[in-house]
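What follows is the content of data-v1.csv, which has CSV, C-alpha atoms and all ligand atoms:
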```
chain,number,residue,atom,x,y,z
A,1,MET,CA,-11.7,-22.7,1.0
A,2,ARG,CA,-13.1,-26.1,1.5
A,3,SER,CA,-16.3,-26.4,3.6
A,4,ASN,CA,-16.7,-29.3,6.0
A,5,ARG,CA,-20.5,-28.9,6.0
A,6,SER,CA,-22.7,-31.1,3.9
A,7,ILE,CA,-25.4,-29.3,2.0
A,8,THR,CA,-28.7,-30.9,1.4
A,9,TYR,CA,-30.6,-29.6,-1.6
A,10,PRO,CA,-34.4,-29.6,-1.8
A,11,ASP,CA,-34.1,-32.0,-4.7
A,12,CYS,CA,-33.1,-34.8,-2.3
A,13,PHE,CA,-29.4,-35.0,-2.8
A,14,ARG,CA,-26.5,-34.3,-0.4
A,15,LEU,CA,-23.1,-33.1,-1.3
A,16,GLY,CA,-20.3,-33.0,1.3
A,17,PRO,CA,-16.8,-34.1,2.1
A,18,ILE,CA,-15.5,-37.6,2.4
A,19,ASP,CA,-15.1,-38.5,6.0
A,20,GLY,CA,-11.5,-38.8,7.0
A,21,SER,CA,-10.1,-37.6,3.7
A,22,ARG,CA,-8.3,-34.4,3.1
A,23,PHE,CA,-9.8,-34.1,-0.4
A,24,GLY,CA,-12.7,-35.6,-2.3
A,25,ALA,CA,-16.5,-35.0,-2.2
A,26,ARG,CA,-19.3,-37.4,-1.5
A,27,LEU,CA,-22.6,-37.2,-3.4
A,28,GLU,CA,-25.7,-39.2,-2.4
A,29,PHE,CA,-29.4,-39.2,-3.2
A,30,GLU,CA,-32.6,-40.1,-1.4
A,31,THR,CA,-33.7,-42.1,-4.5
A,32,THR,CA,-32.1,-45.1,-6.2
A,33,ASP,CA,-34.1,-44.5,-9.4
A,34,ILE,CA,-31.4,-43.9,-12.0
A,35,ASP,CA,-33.6,-41.8,-14.3
A,36,ALA,CA,-34.4,-39.5,-11.4
A,37,ILE,CA,-30.7,-39.3,-10.4
A,38,VAL,CA,-29.6,-38.4,-13.9
A,39,ASP,CA,-32.3,-35.8,-14.0
A,40,ILE,CA,-31.3,-34.3,-10.6
A,41,CYS,CA,-27.6,-34.3,-11.7
A,42,ASN,CA,-28.4,-32.5,-15.0
A,43,ARG,CA,-30.4,-29.8,-13.2
A,44,HIS,CA,-27.8,-29.3,-10.5
A,45,ALA,CA,-24.7,-29.8,-12.8
A,46,GLU,CA,-23.2,-26.5,-11.8
A,47,SER,CA,-23.3,-27.2,-8.0
A,48,ILE,CA,-22.0,-30.7,-8.6
A,49,LEU,CA,-19.1,-29.5,-10.7
A,50,GLN,CA,-18.3,-26.7,-8.1
A,51,GLY,CA,-18.2,-29.4,-5.4
A,52,PHE,CA,-16.0,-31.6,-7.6
A,53,TYR,CA,-13.4,-29.0,-8.3
A,54,ALA,CA,-13.5,-27.6,-4.7
A,55,ALA,CA,-12.6,-31.2,-3.6
A,56,GLN,CA,-9.6,-31.4,-5.9
A,57,GLY,CA,-11.4,-33.3,-8.6
A,58,LEU,CA,-12.4,-36.4,-6.7
A,59,MET,CA,-16.1,-37.4,-6.1
A,60,VAL,CA,-17.7,-40.5,-4.8
A,61,ILE,CA,-21.3,-40.9,-5.9
A,62,LYS,CA,-23.2,-43.5,-3.9
A,63,GLY,CA,-26.2,-45.7,-4.6
A,64,LEU,CA,-26.1,-46.0,-8.4
A,65,GLN,CA,-26.8,-49.7,-8.6
A,66,GLU,CA,-29.4,-49.3,-11.4
A,67,ILE,CA,-26.6,-48.3,-13.8
A,68,ARG,CA,-26.1,-52.1,-14.1
A,69,LYS,CA,-29.4,-52.5,-16.0
A,70,GLN,CA,-29.1,-49.1,-17.7
A,71,PRO,CA,-25.5,-48.6,-18.7
A,72,GLN,CA,-26.3,-45.6,-20.9
A,73,ALA,CA,-27.0,-43.7,-17.6
A,74,LEU,CA,-23.2,-43.8,-16.8
A,75,VAL,CA,-22.6,-42.1,-20.2
A,76,GLU,CA,-25.2,-39.4,-19.4
A,77,LEU,CA,-23.8,-38.8,-15.9
A,78,SER,CA,-20.3,-38.5,-17.5
A,79,ARG,CA,-21.5,-35.7,-19.8
A,80,ILE,CA,-21.8,-33.4,-16.7
A,81,PHE,CA,-18.0,-33.6,-16.4
A,82,GLY,CA,-17.0,-32.5,-19.9
A,83,PRO,CA,-18.0,-32.0,-23.5
A,84,GLU,CA,-16.9,-35.3,-24.9
A,85,VAL,CA,-17.4,-38.8,-23.5
A,86,GLU,CA,-14.9,-41.0,-25.4
A,87,ASN,CA,-15.8,-43.8,-27.8
A,88,TYR,CA,-13.4,-46.6,-26.9
A,89,HIS,CA,-13.6,-48.0,-30.4
A,90,GLU,CA,-11.7,-44.9,-31.5
A,91,THR,CA,-9.0,-44.8,-28.9
A,92,LEU,CA,-5.9,-47.0,-28.4
A,93,THR,CA,-7.8,-49.7,-26.6
A,94,SER,CA,-7.9,-53.4,-27.2
A,95,PRO,CA,-11.4,-54.7,-28.3
A,96,ARG,CA,-11.4,-57.2,-25.3
A,97,PHE,CA,-12.3,-54.2,-23.2
A,98,PHE,CA,-15.3,-53.1,-25.3
A,99,HIS,CA,-18.8,-53.2,-23.9
A,100,ASP,CA,-21.2,-55.1,-26.1
A,101,THR,CA,-23.6,-52.3,-26.8
A,102,VAL,CA,-22.3,-49.0,-25.4
A,103,PRO,CA,-19.0,-47.9,-27.1
A,104,GLU,CA,-18.3,-45.3,-24.5
A,105,LEU,CA,-18.0,-48.0,-21.8
A,106,LEU,CA,-14.7,-49.7,-21.1
A,107,ILE,CA,-14.9,-53.0,-19.1
A,108,LEU,CA,-12.3,-53.7,-16.5
A,109,SER,CA,-12.5,-57.3,-15.2
A,110,ASN,CA,-10.2,-60.2,-14.4
A,111,ARG,CA,-12.6,-62.5,-16.2
A,112,PRO,CA,-12.7,-63.3,-19.9
A,113,PRO,CA,-12.8,-61.8,-22.5
A,114,CYS,CA,-11.3,-58.8,-20.7
A,115,ASN,CA,-8.7,-60.8,-18.6
A,116,HIS,CA,-7.4,-57.6,-17.0
A,117,PRO,CA,-5.1,-58.9,-14.3
A,118,PRO,CA,-4.9,-57.3,-10.8
A,119,PRO,CA,-1.8,-55.4,-9.8
A,120,PRO,CA,0.9,-57.4,-8.1
A,121,LYS,CA,0.6,-58.0,-4.3
A,122,PRO,CA,2.6,-55.2,-2.6
A,123,THR,CA,5.5,-55.8,-0.3
A,124,ARG,CA,4.2,-55.3,3.2
A,125,SER,CA,6.0,-53.3,5.8
A,126,ALA,CA,7.7,-55.5,8.4
A,127,SER,CA,6.6,-53.3,11.3
A,128,ASN,CA,3.0,-53.1,10.2
A,129,PRO,CA,2.2,-56.1,7.9
A,130,GLY,CA,-1.6,-55.6,8.1
A,131,ALA,CA,-1.4,-52.0,6.7
A,132,LEU,CA,-2.5,-51.2,3.2
A,133,ALA,CA,0.6,-50.4,1.1
A,134,ILE,CA,0.1,-47.0,-0.4
A,135,ARG,CA,3.4,-45.4,-1.3
A,136,PHE,CA,5.4,-46.2,-4.4
A,137,PRO,CA,7.4,-48.5,-4.8
A,138,GLN,CA,5.6,-50.8,-2.3
A,139,GLN,CA,2.4,-49.9,-4.2
A,140,VAL,CA,2.9,-49.9,-8.0
A,141,ASN,CA,0.9,-48.9,-11.1
A,142,TRP,CA,0.2,-45.4,-10.0
A,143,HIS,CA,-0.9,-43.6,-13.2
A,144,THR,CA,-3.2,-41.3,-15.0
A,145,ASP,CA,-5.5,-42.9,-17.6
A,146,GLN,CA,-4.2,-43.5,-21.1
A,147,SER,CA,-1.5,-40.8,-20.9
A,148,TYR,CA,0.0,-42.3,-24.1
A,149,ARG,CA,-2.6,-40.2,-25.9
A,150,ARG,CA,-2.3,-36.5,-26.5
A,151,PRO,CA,-4.4,-34.7,-25.3
A,152,PRO,CA,-4.9,-37.2,-22.6
A,153,PRO,CA,-8.5,-37.7,-21.2
A,154,ASP,CA,-9.5,-35.2,-18.6
A,155,ILE,CA,-11.7,-37.2,-16.2
A,156,THR,CA,-12.5,-40.8,-15.5
A,157,LEU,CA,-15.7,-42.3,-14.0
A,158,LEU,CA,-15.6,-45.8,-12.6
A,159,PHE,CA,-18.7,-47.8,-11.7
A,160,ALA,CA,-18.5,-50.9,-9.5
A,161,LEU,CA,-20.6,-53.9,-10.4
A,162,GLU,CA,-18.8,-56.8,-8.7
A,163,LEU,CA,-16.1,-56.6,-6.0
A,164,PRO,CA,-13.6,-58.6,-4.0
A,165,PRO,CA,-13.8,-58.3,-0.2
A,166,ARG,CA,-13.5,-54.8,1.3
A,167,ASP,CA,-9.8,-55.0,2.1
A,168,GLN,CA,-8.8,-55.9,-1.5
A,169,GLY,CA,-9.1,-54.1,-4.8
A,170,GLN,CA,-9.3,-50.6,-3.4
A,171,THR,CA,-8.7,-47.6,-5.7
A,172,LEU,CA,-6.1,-45.1,-4.4
A,173,PHE,CA,-6.0,-41.4,-5.5
A,174,ALA,CA,-3.0,-39.1,-4.9
A,175,ASP,CA,-3.4,-35.4,-5.0
A,176,GLY,CA,-0.8,-34.2,-7.5
A,177,SER,CA,-1.3,-30.5,-6.7
A,178,ALA,CA,-0.7,-30.9,-3.0
A,179,ALA,CA,2.4,-33.0,-3.9
A,180,PHE,CA,3.7,-30.3,-6.2
A,181,ALA,CA,3.0,-27.5,-3.7
A,182,ALA,CA,5.0,-29.4,-1.0
A,183,LEU,CA,8.2,-29.3,-3.1
A,184,ASP,CA,10.7,-26.6,-2.6
A,185,ALA,CA,10.8,-23.6,-5.0
A,186,GLY,CA,14.0,-24.7,-6.7
A,187,LYS,CA,12.6,-28.2,-7.5
A,188,GLN,CA,9.3,-26.7,-8.7
A,189,GLN,CA,11.2,-24.4,-11.1
A,190,GLN,CA,13.2,-27.3,-12.5
A,191,LEU,CA,10.1,-29.5,-13.0
A,192,LYS,CA,8.2,-26.7,-14.8
A,193,THR,CA,10.7,-26.8,-17.6
A,194,LEU,CA,10.5,-30.6,-18.1
A,195,HIS,CA,8.4,-33.0,-20.1
A,196,GLY,CA,7.7,-36.7,-19.5
A,197,ILE,CA,7.4,-39.3,-22.3
A,198,HIS,CA,4.4,-41.6,-21.9
A,199,ALA,CA,3.9,-44.9,-23.8
A,200,PRO,CA,1.5,-47.8,-23.7
A,201,SER,CA,2.6,-50.6,-21.4
A,202,TRP,CA,2.5,-53.2,-24.3
A,203,VAL,CA,5.0,-51.7,-26.8
A,204,GLY,CA,8.3,-52.7,-25.2
A,205,ARG,CA,9.1,-49.3,-23.6
A,206,SER,CA,8.2,-49.8,-20.0
A,207,ARG,CA,10.9,-50.2,-17.3
A,208,ALA,CA,10.2,-53.9,-17.0
A,209,ALA,CA,10.3,-54.4,-20.8
A,210,VAL,CA,13.6,-52.6,-21.1
A,211,GLU,CA,15.1,-54.5,-18.1
A,212,ASN,CA,14.0,-57.8,-19.7
A,213,ASN,CA,15.3,-56.9,-23.1
A,214,GLU,CA,11.9,-57.3,-24.7
A,215,PRO,CA,11.7,-56.2,-28.4
A,216,VAL,CA,10.6,-52.6,-28.9
A,217,LEU,CA,7.5,-52.6,-31.1
A,218,ASP,CA,7.5,-50.7,-34.4
A,219,LEU,CA,4.7,-48.2,-34.0
A,220,LEU,CA,2.5,-46.4,-36.5
A,221,PRO,CA,2.6,-42.6,-36.3
A,222,HIS,CA,-0.6,-42.4,-34.3
A,223,GLN,CA,0.6,-45.0,-31.7
A,224,LEU,CA,3.9,-43.2,-30.9
A,225,PRO,CA,4.8,-42.3,-27.3
A,226,GLN,CA,3.5,-38.8,-26.3
A,227,ARG,CA,5.1,-36.0,-24.4
A,228,HIS,CA,3.4,-34.2,-21.5
A,229,PRO,CA,4.6,-31.5,-19.1
A,230,LEU,CA,5.7,-32.9,-15.8
A,231,VAL,CA,3.7,-30.1,-14.3
A,232,ARG,CA,0.3,-29.4,-15.6
A,233,CYS,CA,-1.8,-26.2,-15.0
A,234,HIS,CA,-5.4,-27.2,-14.4
A,235,PRO,CA,-7.7,-25.4,-16.9
A,236,VAL,CA,-10.5,-24.9,-14.3
A,237,THR,CA,-8.8,-24.3,-11.0
A,238,GLY,CA,-5.4,-23.0,-12.1
A,239,ALA,CA,-3.6,-25.4,-9.7
A,240,LEU,CA,-0.2,-26.8,-10.8
A,241,SER,CA,0.1,-30.5,-10.4
A,242,LEU,CA,2.6,-33.3,-11.0
A,243,PHE,CA,1.7,-35.3,-14.1
A,244,ILE,CA,3.6,-38.5,-14.0
A,245,CYS,CA,3.0,-42.2,-14.4
A,246,GLU,CA,4.4,-45.4,-13.1
A,247,GLU,CA,7.2,-47.1,-14.9
A,248,LYS,CA,4.7,-49.3,-16.9
A,249,GLN,CA,3.3,-46.3,-18.7
A,250,MET,CA,6.4,-44.2,-19.5
A,251,ASP,CA,9.0,-44.6,-22.1
A,252,TYR,CA,12.3,-46.0,-20.8
A,253,VAL,CA,13.8,-46.3,-24.4
A,254,ASP,CA,13.9,-42.6,-25.3
A,255,GLY,CA,12.8,-41.2,-21.9
A,256,PRO,CA,11.2,-41.1,-19.4
A,257,VAL,CA,12.1,-37.4,-19.3
A,258,VAL,CA,13.0,-35.3,-22.3
A,259,GLY,CA,16.5,-34.0,-22.1
A,260,LEU,CA,17.6,-36.1,-19.2
A,261,THR,CA,19.7,-39.3,-19.6
A,262,PRO,CA,17.3,-42.0,-21.0
A,263,GLY,CA,17.0,-45.6,-19.9
A,264,VAL,CA,16.3,-47.5,-16.7
A,265,GLU,CA,19.5,-46.2,-15.0
A,266,GLY,CA,19.3,-42.7,-16.3
A,267,ALA,CA,18.6,-39.4,-14.6
A,268,GLY,CA,15.1,-39.3,-16.0
A,269,ALA,CA,14.3,-42.7,-14.4
A,270,GLY,CA,15.7,-41.5,-11.1
A,271,LEU,CA,13.6,-38.3,-11.2
A,272,ILE,CA,10.3,-40.2,-12.0
A,273,ARG,CA,11.1,-42.6,-9.1
A,274,GLU,CA,11.7,-39.7,-6.8
A,275,LEU,CA,8.5,-37.9,-7.8
A,276,LEU,CA,6.3,-41.1,-7.6
A,277,SER,CA,7.6,-41.8,-4.1
A,278,HIS,CA,7.0,-38.1,-3.1
A,279,ALA,CA,3.5,-37.8,-4.6
A,280,THR,CA,2.2,-41.1,-3.1
A,281,GLN,CA,3.0,-40.4,0.6
A,282,GLN,CA,0.0,-41.2,2.8
A,283,LYS,CA,-0.7,-37.5,3.5
A,284,PHE,CA,-1.5,-37.0,-0.2
A,285,VAL,CA,-3.6,-40.1,-0.7
A,286,TYR,CA,-7.3,-41.2,-0.4
A,287,ALA,CA,-8.0,-44.9,-0.4
A,288,HIS,CA,-11.5,-45.8,-1.6
A,289,GLU,CA,-13.1,-48.9,-0.2
A,290,TRP,CA,-15.7,-49.8,-2.8
A,291,GLU,CA,-19.3,-50.7,-2.5
A,292,VAL,CA,-21.3,-52.1,-5.4
A,293,GLY,CA,-23.2,-49.2,-7.0
A,294,ASP,CA,-20.4,-46.6,-6.3
A,295,VAL,CA,-19.3,-44.3,-9.1
A,296,LEU,CA,-15.9,-42.7,-8.5
A,297,VAL,CA,-15.1,-39.7,-10.5
A,298,GLY,CA,-11.4,-38.7,-10.7
A,299,ASP,CA,-9.7,-35.8,-12.5
A,300,ASN,CA,-6.7,-37.1,-14.4
A,301,ARG,CA,-5.3,-33.6,-14.9
A,302,ASN,CA,-4.3,-33.4,-11.2
A,303,LEU,CA,-4.7,-36.8,-9.6
A,304,LEU,CA,-2.7,-40.0,-9.9
A,305,HIS,CA,-4.5,-43.3,-9.1
A,306,CYS,CA,-4.0,-47.0,-8.9
A,307,ALA,CA,-6.0,-50.1,-8.0
A,308,THR,CA,-4.6,-52.4,-5.3
A,309,TRP,CA,-4.1,-56.1,-5.4
A,310,TYR,CA,-7.0,-58.6,-5.0
A,311,ASP,CA,-7.3,-62.3,-5.1
A,312,ALA,CA,-8.3,-62.8,-8.8
A,313,GLU,CA,-8.5,-66.6,-8.5
A,314,GLN,CA,-11.2,-66.4,-5.9
A,315,TYR,CA,-13.0,-63.1,-6.7
A,316,THR,CA,-14.3,-61.1,-9.7
A,317,ARG,CA,-13.7,-57.4,-9.8
A,318,LEU,CA,-15.9,-55.9,-12.5
A,319,MET,CA,-16.0,-52.2,-13.3
A,320,TRP,CA,-17.3,-50.1,-16.1
A,321,ARG,CA,-15.3,-47.0,-17.0
A,322,THR,CA,-15.9,-43.9,-19.1
A,323,THR,CA,-13.4,-41.1,-19.9
A,324,VAL,CA,-14.4,-37.5,-20.6
A,325,MET,CA,-12.3,-35.1,-22.6
A,326,GLY,CA,-12.4,-31.7,-24.1
A,327,ASN,CA,-10.7,-29.4,-21.7
A,328,PRO,CA,-7.0,-30.4,-21.3
A,329,GLY,CA,-5.6,-26.9,-20.8
A,330,ALA,CA,-3.6,-24.3,-22.7
A,331,GLU,CA,-0.7,-26.7,-23.3
A,332,TYR,CA,-2.9,-28.7,-25.8
A,333,ALA,CA,-4.9,-25.8,-27.4
A,334,GLY,CA,-6.0,-26.6,-30.9
A,335,GLU,CA,-4.2,-29.9,-31.2
A,336,PRO,CA,-5.7,-32.8,-33.1
A,337,LYS,CA,-6.1,-36.1,-31.3
A,338,SER,CA,-2.7,-37.9,-31.6
A,339,TRP,CA,-4.3,-41.4,-31.7
A,340,LEU,CA,-6.5,-41.0,-34.8
A,341,PRO,CA,-4.8,-42.6,-37.8
A,342,ARG,CA,-4.4,-40.2,-40.7
A,343,ASP,CA,-3.3,-42.9,-43.2
A,344,GLY,CA,-6.4,-45.1,-43.1
A,345,SER,CA,-4.8,-47.7,-40.9
A,346,ASP,CA,-6.6,-49.4,-38.1
A,347,VAL,CA,-6.2,-47.7,-34.7
A,348,MET,CA,-4.8,-50.9,-33.1
A,349,ALA,CA,-2.9,-52.2,-36.2
A,350,GLY,CA,0.1,-54.3,-35.0
A,351,MET,CA,-1.1,-54.0,-31.4
A,352,GLU,CA,-3.3,-57.1,-31.4
A,353,HIS,CA,-1.4,-58.4,-28.3
A,354,ALA,CA,-2.3,-55.3,-26.2
A,401,FE,FE,-6.7,-46.1,-14.3
```
Rewrite the structure from the file as structure tokens, please.
Amino acid sequence: MRSNRSITYPDCFRLGPIDGSRFGARLEFETTDIDAIVDICNRHAESILQGFYAAQGLMVIKGLQEIRKQPQALVELSRIFGPEVENYHETLTSPRFFHDTVPELLILSNRPPCNHPPPPKPTRSASNPGALAIRFPQQVNWHTDQSYRRPPPDITLLFALELPPRDQGQTLFADGSAAFAALDAGKQQQLKTLHGIHAPSWVGRSRAAVENNEPVLDLLPHQLPQRHPLVRCHPVTGALSLFICEEKQMDYVDGPVVGLTPGVEGAGAGLIRELLSHATQQKFVYAHEWEVGDVLVGDNRNLLHCATWYDAEQYTRLMWRTTVMGNPGAEYAGEPKSWLPRDGSDVMAGMEHA
């Protein structure tokens, strides 16, 4: 059962719930010295992990501004959350996202060389035009990170270096286990038997690519779309969660759901739309308003997330990201990494436009 009390440890950190949110934990320190913070986190890793999983795999860590001058500290903090912090040079990631010196960091920015565009501006509700759009399809791009790899990464850490104003560029998290639990028993049974097909957004298999008749890219074996259960069992908490992605990151040529009619008009597409709309209702969502120095930790195994629109002409949004893997659950036991070429080819061969 979740406690609403904050606990202050003698080592000068405080771990408690996020005010106003149904899930998520907030971790803060009395010091801003990043070496001291990493040390405290290592010594209290067990309590921090317990707090993380008790809060459905969402944690906001405040006051880590010094990571900017010591990027390796983000990698060290990431190690608390799992056995392997990924090297982005070895995953299906374009080099424009690489950090200059730390291969475990992915850079997300609207500025060159990254040029990562913001999501589209959502359609606003006519009755409440000032409200933040949360639910799909008004808010798009809901996903779990890099689900086109198998096993997919377990946990993502995001560190904010530069931000647009507070009412732009938020990150939203939807609780996939609460969303699954809210479905009726018949629907739950049906979903437990199904698998989704996940694909990179740049290979001509997204909904938009299919609708626009874009060519479907020929892929090397290690780049092929990957299947994942629509319902995942969390290896730590045992919770069952919806595991789905927005239409950009699923395969609308052969899927998006194995065994259901493929294509943008098919039964699989209809099911994904229905589930996205269900899972992203306000009651399942936490909206994070960023402050520089925040690290946001999110569990991809049971949460969906998306960034919201911001004015990329006027503002810079710069984040560093790590992903942690190594405990994807029984479904993936003993599997090799799908994205590692076995034929000597380059990981991103033929994907230079990604
Ligand atoms: Fe993401």
Practice problem: Pick out the residues no farther than 7 Å from ligand FE 401 (chain A), counting all atoms listed in the file, and list them as an NGL selection string. | Solution: :A and (143-145 or 305-306)
Quiz item: Do you know which residues are at most 10 Å from region 138-141 of chain A counting only C-alpha atoms, after dropping those on the same chain fewer than 6 positions away, and could you put them as a PyMOL selection string?
Solution: chain A and resi 119-125+132+172+245-249+276-277+280+304-309
Quiz item: Which of these residues is nearest to Gln281 (chain A), using only C-alpha atoms: A:Ile80, A:Leu108, A:Ala174, A:Ala131?
Solution: A:Ala174
Self-check item: Exercise: Ala182 (chain A) partners within 12 Å, all atoms listed in the file, chain neighbours under 6 positions left out, as a ChimeraX atom specification
Solution: /A:175-176,188,240-242,275,278-279,281,283-284
Exercise. Would you mind telling me which residue in A:Asp100, A:Ala54, A:Asn115, A:Ala267 lies nearest to Tyr88 (chain A) when using all atoms listed in the file?
Key: A:Asp100
Could you give me, as a Markdown table, a per-residue list for region 121-225 of chain A showing, wherever an atom lies at most 7 Å from an atom of region 334-354 of chain A, the closest pair of atoms and their distance in Å to one decimal, using all atoms listed in the file and sorting by chain then residue number from low to high?
```
| residue | atom | partner | partner_atom | distance |
| --- | --- | --- | --- | --- |
| A:Arg149 | CA | A:Ser338 | CA | 6.1 |
| A:Arg150 | CA | A:Ser338 | CA | 5.3 |
| A:Pro151 | CA | A:Lys337 | CA | 6.4 |
| A:Trp202 | CA | A:Ala354 | CA | 5.6 |
| A:His222 | CA | A:Trp339 | CA | 4.6 |
| A:Gln223 | CA | A:Trp339 | CA | 6.1 |
```
Output as a tab-separated table one row per residue of region 63-116 of chain A within 12 Å of region 28-32 of chain A: the closest atom pair and its distance in Å to one decimal place, counting all atoms listed in the file, sorted by chain and residue number ascending.
```
residue	atom	partner	partner_atom	distance
A:Gly63	CA	A:Thr32	CA	6.1
A:Leu64	CA	A:Thr32	CA	6.5
A:Gln65	CA	A:Thr32	CA	7.4
A:Glu66	CA	A:Thr32	CA	7.2
A:Ile67	CA	A:Thr32	CA	9.9
```
Quiz item: Nearest to Ala133 (chain A): which of A:Val285, A:Ala160, A:Lys192, A:Leu74 is it, counting all atoms listed in the file?
Solution: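 Using all atoms listed in the file, Ala133 (chain A) sits closest to A:Val285.
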Quiz item: Between A:Pro118, A:His288, A:Thr323, A:Cys233, which one has atoms that come closest to Ile18 (chain A), using all atoms listed in the file?
Solution: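 Using all atoms listed in the file, Ile18 (chain A) sits closest to A:His288.
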Self-check item: Å distance separating CA of Asp299 (chain A) from CA of His89 (chain A), one decimal place
Solution: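 Value for the CA of Asp299 (chain A)-CA of His89 (chain A) distance: 22.0 Å.
Between CA of Asp33 (chain A) and CA of Thr316 (chain A) the separation is 25.8 Å.
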Quiz item: Using all atoms listed in the file, can you list as a ChimeraX atom specification the residues within 12 Å of (-11.2, -37.5, -9.9)?
Solution: /A:23-26,49,51-61,78,81,144-145,153-158,171-176,286,288,295-306,323-324
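Neighbours of Thr101 (chain A) closer than or equal to 10 Å, with all atoms listed in the file counted and sequence neighbours fewer than 3 positions away skipped, come out as A:Pro71, A:Gln72, A:Phe98, A:Glu104, A:Leu105.
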Self-check item: Nearest to Pro83 (chain A), chosen from A:Arg111, A:Glu331, A:Pro117, A:Met325, with all atoms listed in the file counted in the distances
Solution: A:Met325
Quiz item: CA of His195 (chain A) and CA of Ser94 (chain A) are how many Å apart?
Solution: 27.1 Å
Quiz item: Pick from A:Tyr332, A:Tyr252, A:Trp142, A:Trp320: nearest to Gly204 (chain A), with all atoms listed in the file counted?
Solution: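 Smallest distance to Gly204 (chain A) is found for A:Tyr252.
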Any chance you could turn region 27-44 of chain A into a file with N, CA and C atoms, as a PDB file, in the first residue's frame?
```pdb
ATOM      1  N   LEU A  27      12.150  12.505  -4.944  1.00  0.00           N
ATOM      2  CA  LEU A  27      13.369  12.311  -4.151  1.00  0.00           C
ATOM      3  C   LEU A  27      14.147  13.616  -4.185  1.00  0.00           C
ATOM      4  N   GLU A  28      14.532  14.113  -3.001  1.00  0.00           N
ATOM      5  CA  GLU A  28      15.333  15.340  -2.972  1.00  0.00           C
ATOM      6  C   GLU A  28      16.384  15.276  -1.883  1.00  0.00           C
ATOM      7  N   PHE A  29      17.369  16.099  -2.021  1.00  0.00           N
ATOM      8  CA  PHE A  29      18.545  16.052  -1.149  1.00  0.00           C
ATOM      9  C   PHE A  29      18.777  17.415  -0.518  1.00  0.00           C
ATOM     10  N   GLU A  30      19.476  17.422   0.604  1.00  0.00           N
ATOM     11  CA  GLU A  30      19.833  18.712   1.200  1.00  0.00           C
ATOM     12  C   GLU A  30      21.028  19.325   0.502  1.00  0.00           C
ATOM     13  N   THR A  31      21.828  18.487  -0.147  1.00  0.00           N
ATOM     14  CA  THR A  31      23.014  18.986  -0.838  1.00  0.00           C
ATOM     15  C   THR A  31      22.767  19.040  -2.348  1.00  0.00           C
ATOM     16  N   THR A  32      23.527  19.891  -3.052  1.00  0.00           N
ATOM     17  CA  THR A  32      23.517  19.850  -4.517  1.00  0.00           C
ATOM     18  C   THR A  32      24.841  19.286  -5.044  1.00  0.00           C
ATOM     19  N   ASP A  33      25.715  18.881  -4.159  1.00  0.00           N
ATOM     20  CA  ASP A  33      27.006  18.302  -4.569  1.00  0.00           C
ATOM     21  C   ASP A  33      26.753  16.935  -5.215  1.00  0.00           C
ATOM     22  N   ILE A  34      27.044  16.837  -6.495  1.00  0.00           N
ATOM     23  CA  ILE A  34      26.633  15.642  -7.239  1.00  0.00           C
ATOM     24  C   ILE A  34      27.395  14.398  -6.785  1.00  0.00           C
ATOM     25  N   ASP A  35      28.640  14.547  -6.379  1.00  0.00           N
ATOM     26  CA  ASP A  35      29.372  13.374  -5.872  1.00  0.00           C
ATOM     27  C   ASP A  35      28.722  12.853  -4.587  1.00  0.00           C
ATOM     28  N   ALA A  36      28.320  13.794  -3.728  1.00  0.00           N
ATOM     29  CA  ALA A  36      27.658  13.395  -2.481  1.00  0.00           C
ATOM     30  C   ALA A  36      26.325  12.718  -2.786  1.00  0.00           C
ATOM     31  N   ILE A  37      25.594  13.261  -3.764  1.00  0.00           N
ATOM     32  CA  ILE A  37      24.282  12.689  -4.112  1.00  0.00           C
ATOM     33  C   ILE A  37      24.430  11.269  -4.660  1.00  0.00           C
ATOM     34  N   VAL A  38      25.415  11.082  -5.539  1.00  0.00           N
ATOM     35  CA  VAL A  38      25.633   9.738  -6.095  1.00  0.00           C
ATOM     36  C   VAL A  38      25.990   8.773  -4.967  1.00  0.00           C
ATOM     37  N   ASP A  39      26.802   9.241  -4.054  1.00  0.00           N
ATOM     38  CA  ASP A  39      27.207   8.405  -2.925  1.00  0.00           C
ATOM     39  C   ASP A  39      26.001   8.038  -2.049  1.00  0.00           C
ATOM     40  N   ILE A  40      25.171   9.027  -1.737  1.00  0.00           N
ATOM     41  CA  ILE A  40      23.970   8.764  -0.923  1.00  0.00           C
ATOM     42  C   ILE A  40      23.071   7.753  -1.644  1.00  0.00           C
ATOM     43  N   CYS A  41      22.890   7.965  -2.953  1.00  0.00           N
ATOM     44  CA  CYS A  41      22.001   7.067  -3.721  1.00  0.00           C
ATOM     45  C   CYS A  41      22.546   5.645  -3.729  1.00  0.00           C
ATOM     46  N   ASN A  42      23.847   5.497  -3.852  1.00  0.00           N
ATOM     47  CA  ASN A  42      24.423   4.149  -3.855  1.00  0.00           C
ATOM     48  C   ASN A  42      24.237   3.477  -2.498  1.00  0.00           C
ATOM     49  N   ARG A  43      24.410   4.245  -1.431  1.00  0.00           N
ATOM     50  CA  ARG A  43      24.302   3.639  -0.106  1.00  0.00           C
ATOM     51  C   ARG A  43      22.852   3.333   0.268  1.00  0.00           C
ATOM     52  N   HIS A  44      21.909   4.051  -0.359  1.00  0.00           N
ATOM     53  CA  HIS A  44      20.490   3.828  -0.038  1.00  0.00           C
ATOM     54  C   HIS A  44      19.732   3.295  -1.254  1.00  0.00           C
TER      55      HIS A  44
END
```
